[in-house]
Structures are given as structure tokens and as C-alpha cells.
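Here's the structure we're looking at; comments come further down.
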Amino acid sequence: MDPLTLVTAEPKQAALFFDVDGVLAPIVPRPEDSSVPAETRRELERLQQRYALVACVTGRTSDIARAIVGVDSLRYVGQHGLELEPGAEAWADRVHAFARAWPWAWQETKPLTAAYHYRLAPDEAEARTELEDVAAAALAEGLRPRWGRMVLELLPPVDATKGTAVRHLLDETGLRRALYAGDDTTDLDGFAALDGLEAAVRVAVVSAEGPSALGERADLIIGSTDAFLDLLKQL
């Protein structure tokens with residue numbers, strides 16, 4: 001039996017993990033305008049009743065992700081798994097101080113991280129070059145810079161990723177079958193967290209901005225959030 005069939009055949013023995021932006025919600029120019037479509041929300045409500053665990057693992061804070069998704073009953077882990085790591089809080093002041101010292105037109109400061117978006121920059125290549133200096137300075141300050149889809153994120157140097165979040169939830173529930181869907185570099189850690197399970201399905205929602213490694217690692221490749229909704233209906 002193929003892994004997807006194993007996941008769907010006994011849903012009470014399986015977990016579903018979803019990134020939010022670019023998977024459940026279409027990418028939009030302004031992050032604050034992100035929203036999960038009503039039809040996708042209805043499918044998530046259905047899946048929450050059907051599966052042992054349905055979780056959103058995201059770079060957003062869990063509170064903001066919950067508001068974007070609009071389904072309170074799902075499990076939410078935010079800020080790339082940092083919300084599950086007590087040691088991350090000790091770095092919050094340093095992350096925020098760095099963000100104040102290095103301002104940016106499209107800066108997003110979160111409780112534990114800072115994000116420098118450049119999707120709206122007039123010249124994306126020039127913006128990326130400018131942000132290389134920010135990344136280098138952050139690294140020199142002991143922070144961890146990480147590039148994503150049109151964004152540079154600055155994180156505490158703590159061993160926390162979407163992968164550690166997935167493993168935490170799998171260990172917590174004892175589930176050995178899972179599907180993970182993502183669209184960006186950070187989701188590679190989520191993919192890796194499924195290694196060794198009884199059944200593992202890695203879904204890449206691909207785009208011109210996303211990393212090629214995601215599609216190479218995936219079991220299923222989806223071309224858009226609309227197409228991903230069609231997959232949800234089959235689960």
C-alpha cells in the first residue's frame with residue numbers, strides 16, 4: 001500500500017501538518033492581508049474531525065496563524081517551532097534590539113523573531129543585496145539569519161525548526177503516519193521530520209520563488225494553493 005493510502009485509510013492513526021502562507025493561504029504582497037479561503041477552511045474543519053491530529057506549523061506566531069486560518073480547533077505551532085523551545089525567549093530582546101538598529105521599509109517584528117520582507121521592493125535584486133548586509137550583521141551578533149520566499153528572517157540561535165515542532169507533536173501523540181505540506185526552504189525541515197515513520201507523505205506546493213530542493217524531496221508536487229485545496233478534498 002502506498003504512503004498516501006496508508007495515511008488516508010486509517011485517519012485516526014495519522015497526522016496532517018500544514019504550512020500556512022503559500023499552502024493554505026495564497027501568497028499576497030502584504031503579509032497582514034493573508035487569509036485562508038472559506039472553502040479551504042471548511043475542508044480543514046472536516047479534516048480536524050477525521051484525523052487524529054491536524055496542525056499548522058508556520059513562521060507566523062500561533063495567534064496570528066489561528067486568525068488567518070480561522071479554525072480554532074487545529075493545533076498551531078508558530079515561529080518555526082521556537083514557541084516550543086523555552087530557551088528562545090532569552091534571545092527576544094537581542095532580536096528586537098537588532099531590528100531597531102537595522103530598520104527596513106517592510107519589517108515585521110514578532111515576539112521571538114524579525115522578518116525583512118522585500119516582495120514590494122521596486123528592485124528585488126537590489127533589495128536582496130542590501131539585506132545581505134543585514135544578514136551578515138545579524139550573524140556577527142550571534143543571531144541566525146534565514147532566507148525564505150522574498151524574506152530574510154532573523155532567529156535566535158536555538159535548535160528549533162519546523163522539523164523539531166513536527167517531531168515534538170509526533171512524540172506527543174505517538175502517531176507514526178503523517179503528511180506534511182509546505183512551500184518554502186523552512187519546510188525542508190518538516191519534510192525531514194517524517195523520515196522513519198511507518199507512512200510519510202511530503203507535499204510541495206511549488207512556485208518560481210520556492211526552492212528547487214523542496215520539489216526534489218517531495219512525494220507529491222502541487223502547483224498552487226487552489227490545487228492544494230483539491231488534494232485536501234481527497235484526504
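Chain labels follow the order of the C-alpha cells: the first chain is A, the next B, and so on; residue numbering restarts at 1 in every chain, and ligands are counted from 1 in their shown order.
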Spatial neighbours of Ala127 of chain A, 12 Å, only C-alpha atoms, chain gap at least 2 places, as a CSV table (one decimal) with C-alpha atoms, in the first residue's frame:
chain,number,residue,atom,x,y,z
A,104,TRP,CA,13.7,48.3,6.9
A,105,ALA,CA,10.7,49.6,5.0
A,106,TRP,CA,8.8,46.2,5.2
A,116,TYR,CA,12.6,41.7,6.5
A,117,HIS,CA,10.3,41.4,3.5
A,118,TYR,CA,11.3,42.6,0.1
A,119,ARG,CA,8.3,41.5,-2.1
A,120,LEU,CA,7.2,45.1,-2.5
A,121,ALA,CA,10.7,46.5,-3.2
A,122,PRO,CA,10.9,48.4,-6.6
A,123,ASP,CA,14.1,46.5,-7.4
A,124,GLU,CA,14.1,43.0,-5.8
A,125,ALA,CA,17.7,42.2,-6.7
A,129,THR,CA,21.8,42.8,-1.9
A,130,GLU,CA,21.1,45.3,0.8
A,131,LEU,CA,19.7,42.6,3.0
A,132,GLU,CA,22.8,40.5,2.6
A,133,ASP,CA,24.5,43.2,4.8
A,134,VAL,CA,21.7,42.8,7.4
A,150,MET,CA,11.2,37.1,-0.6
A,151,VAL,CA,12.1,37.4,3.0
A,152,LEU,CA,15.0,37.4,5.4
Which residues of segment 64-182 of chain A come within 7 Å of segment 188-212 of chain A, and for each one, what is the closest pair of atoms and their distance in Å to one decimal, counting only C-alpha atoms, sorted by chain and residue number, as JSON lines?
{"residue": "A:Arg149", "atom": "CA", "partner": "A:Glu209", "partner_atom": "CA", "distance": 5.8}
{"residue": "A:Thr161", "atom": "CA", "partner": "A:Asp189", "partner_atom": "CA", "distance": 6.5}
{"residue": "A:Lys162", "atom": "CA", "partner": "A:Gly190", "partner_atom": "CA", "distance": 5.2}
{"residue": "A:Gly163", "atom": "CA", "partner": "A:Gly190", "partner_atom": "CA", "distance": 4.1}
{"residue": "A:Val166", "atom": "CA", "partner": "A:Ala193", "partner_atom": "CA", "distance": 6.4}
{"residue": "A:Arg167", "atom": "CA", "partner": "A:Ala193", "partner_atom": "CA", "distance": 6.0}
{"residue": "A:Arg176", "atom": "CA", "partner": "A:Leu197", "partner_atom": "CA", "distance": 5.2}
{"residue": "A:Arg177", "atom": "CA", "partner": "A:Ala199", "partner_atom": "CA", "distance": 4.6}
{"residue": "A:Ala178", "atom": "CA", "partner": "A:Ala200", "partner_atom": "CA", "distance": 5.2}
{"residue": "A:Leu179", "atom": "CA", "partner": "A:Val201", "partner_atom": "CA", "distance": 4.5}
{"residue": "A:Tyr180", "atom": "CA", "partner": "A:Arg202", "partner_atom": "CA", "distance": 5.1}
{"residue": "A:Ala181", "atom": "CA", "partner": "A:Val203", "partner_atom": "CA", "distance": 4.5}
{"residue": "A:Gly182", "atom": "CA", "partner": "A:Ala204", "partner_atom": "CA", "distance": 5.4}
Residues near segment 54-69 of chain A, cut-off 10 Å, only C-alpha atoms, skip fewer than 6 positions along chain, as a ChimeraX atom specification: /A:14-21,24-25,31-38,40-41,44-45,47-48,75-83,110-113,115,153,161-163,165-166,169,178-182,186-187,190
So which one's closest to Pro157 of chain A, A:Arg100, A:Lys233, A:Arg94, A:Arg50? Using only C-alpha atoms, please. A:Arg94
Take atom CA of Leu220 of chain A and atom CA of Leu4 of chain A and report the distance between them in Å, one decimal.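 Spanning atom CA of Leu220 of chain A to atom CA of Leu4 of chain A is a straight-line distance of 9.6 Å.
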Pull the strand (DSSP E or B) assignments for segment 55-84 of chain A out of DSSP run on the backbone, and list those residues as a list in words. Ala55, Cys56, Val57, Arg75, Tyr76 and Val77 of chain A
Store the residues picked out above, limited to N, CA and C atoms, as a tab-separated table (two decimals), in the first residue's frame.
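Heads up, here's the output in part-v8.tsv:
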chain	number	residue	atom	x	y	z
A	55	ALA	N	-2.39	19.97	12.26
A	55	ALA	CA	-1.59	21.04	12.85
A	55	ALA	C	-1.07	21.98	11.78
A	56	CYS	N	-0.99	23.25	12.13
A	56	CYS	CA	-0.36	24.27	11.29
A	56	CYS	C	0.99	24.61	11.91
A	57	VAL	N	2.04	24.43	11.14
A	57	VAL	CA	3.39	24.72	11.60
A	57	VAL	C	3.92	25.83	10.70
A	75	ARG	N	-4.28	22.43	15.83
A	75	ARG	CA	-3.11	22.69	16.66
A	75	ARG	C	-2.20	23.66	15.91
A	76	TYR	N	-1.69	24.68	16.59
A	76	TYR	CA	-0.85	25.68	15.96
A	76	TYR	C	0.50	25.75	16.67
A	77	VAL	N	1.58	25.71	15.89
A	77	VAL	CA	2.92	25.96	16.40
A	77	VAL	C	3.53	27.04	15.52
What parts of segment 20-137 of chain A does DSSP call alpha helix (DSSP H)? I'd like the answer as an MDAnalysis selection string. chainID A and resid 38:50 62:69 92:101 124:137
With C-alpha atoms retained, export the selected residues as a short mmCIF file (atom, residue, chain, number, x, y, z; two decimals), in the first residue's frame.
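And here is the file that came out, again-v1.cif:
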data_model
loop_
_atom_site.label_atom_id
_atom_site.label_comp_id
_atom_site.auth_asym_id
_atom_site.auth_seq_id
_atom_site.Cartn_x
_atom_site.Cartn_y
_atom_site.Cartn_z
CA ALA A 38 -13.65 29.87 3.09
CA GLU A 39 -13.72 26.61 1.11
CA THR A 40 -10.29 25.63 2.40
CA ARG A 41 -11.42 26.48 5.92
CA ARG A 42 -14.40 24.14 5.59
CA GLU A 43 -12.13 21.32 4.46
CA LEU A 44 -9.85 21.88 7.45
CA GLU A 45 -12.83 21.68 9.78
CA ARG A 46 -13.79 18.38 8.17
CA LEU A 47 -10.26 17.01 8.40
CA GLN A 48 -9.97 18.01 12.05
CA GLN A 49 -12.88 15.70 12.80
CA ARG A 50 -11.46 12.88 10.68
CA SER A 62 0.44 30.84 16.53
CA ASP A 63 -2.14 33.53 17.40
CA ILE A 64 -1.84 35.23 14.02
CA ALA A 65 -1.84 31.88 12.20
CA ARG A 66 -5.03 30.92 14.04
CA ALA A 67 -6.66 34.17 12.92
CA ILE A 68 -5.54 33.67 9.30
CA VAL A 69 -6.71 30.06 9.16
CA ALA A 92 13.95 38.04 22.25
CA ASP A 93 15.37 41.36 23.48
CA ARG A 94 18.50 40.97 21.36
CA VAL A 95 16.48 40.16 18.25
CA HIS A 96 14.26 43.20 18.80
CA ALA A 97 17.21 45.49 19.51
CA PHE A 98 18.88 44.39 16.30
CA ALA A 99 15.67 45.04 14.33
CA ARG A 100 15.52 48.57 15.74
CA ALA A 101 19.16 49.18 14.86
CA GLU A 124 14.11 42.98 -5.78
CA ALA A 125 17.73 42.24 -6.69
CA GLU A 126 18.94 45.48 -5.11
CA ALA A 127 16.86 44.83 -2.01
CA ARG A 128 18.31 41.35 -1.69
CA THR A 129 21.82 42.79 -1.92
CA GLU A 130 21.06 45.31 0.82
CA LEU A 131 19.65 42.59 3.03
CA GLU A 132 22.81 40.52 2.62
CA ASP A 133 24.47 43.20 4.79
CA VAL A 134 21.70 42.82 7.38
CA ALA A 135 22.16 39.06 7.39
CA ALA A 136 25.92 39.38 7.86
CA ALA A 137 25.48 41.84 10.73
#
Nearest candidate to Thr8 of chain A (options A:Trp147, A:Ala213, A:Tyr51, A:Ala218; using only C-alpha atoms):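 Of the candidates, the smallest distance to Thr8 of chain A is held by A:Tyr51.
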So, with only C-alpha atoms as the atoms that count, which of A:Asp184, A:Leu214, A:Leu170, A:Ala88 lies closest to Leu155 of chain A?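 Counting only C-alpha atoms, the residue closest to Leu155 of chain A is A:Ala88.
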Excluding Gly22 of chain A and residues on its chain fewer than 4 positions from it, collect all residues at most 8 Å away from it, counting only C-alpha atoms, and give them as JSON, numbers by chain. {"A": [26, 27, 182, 183, 205, 224, 225]}
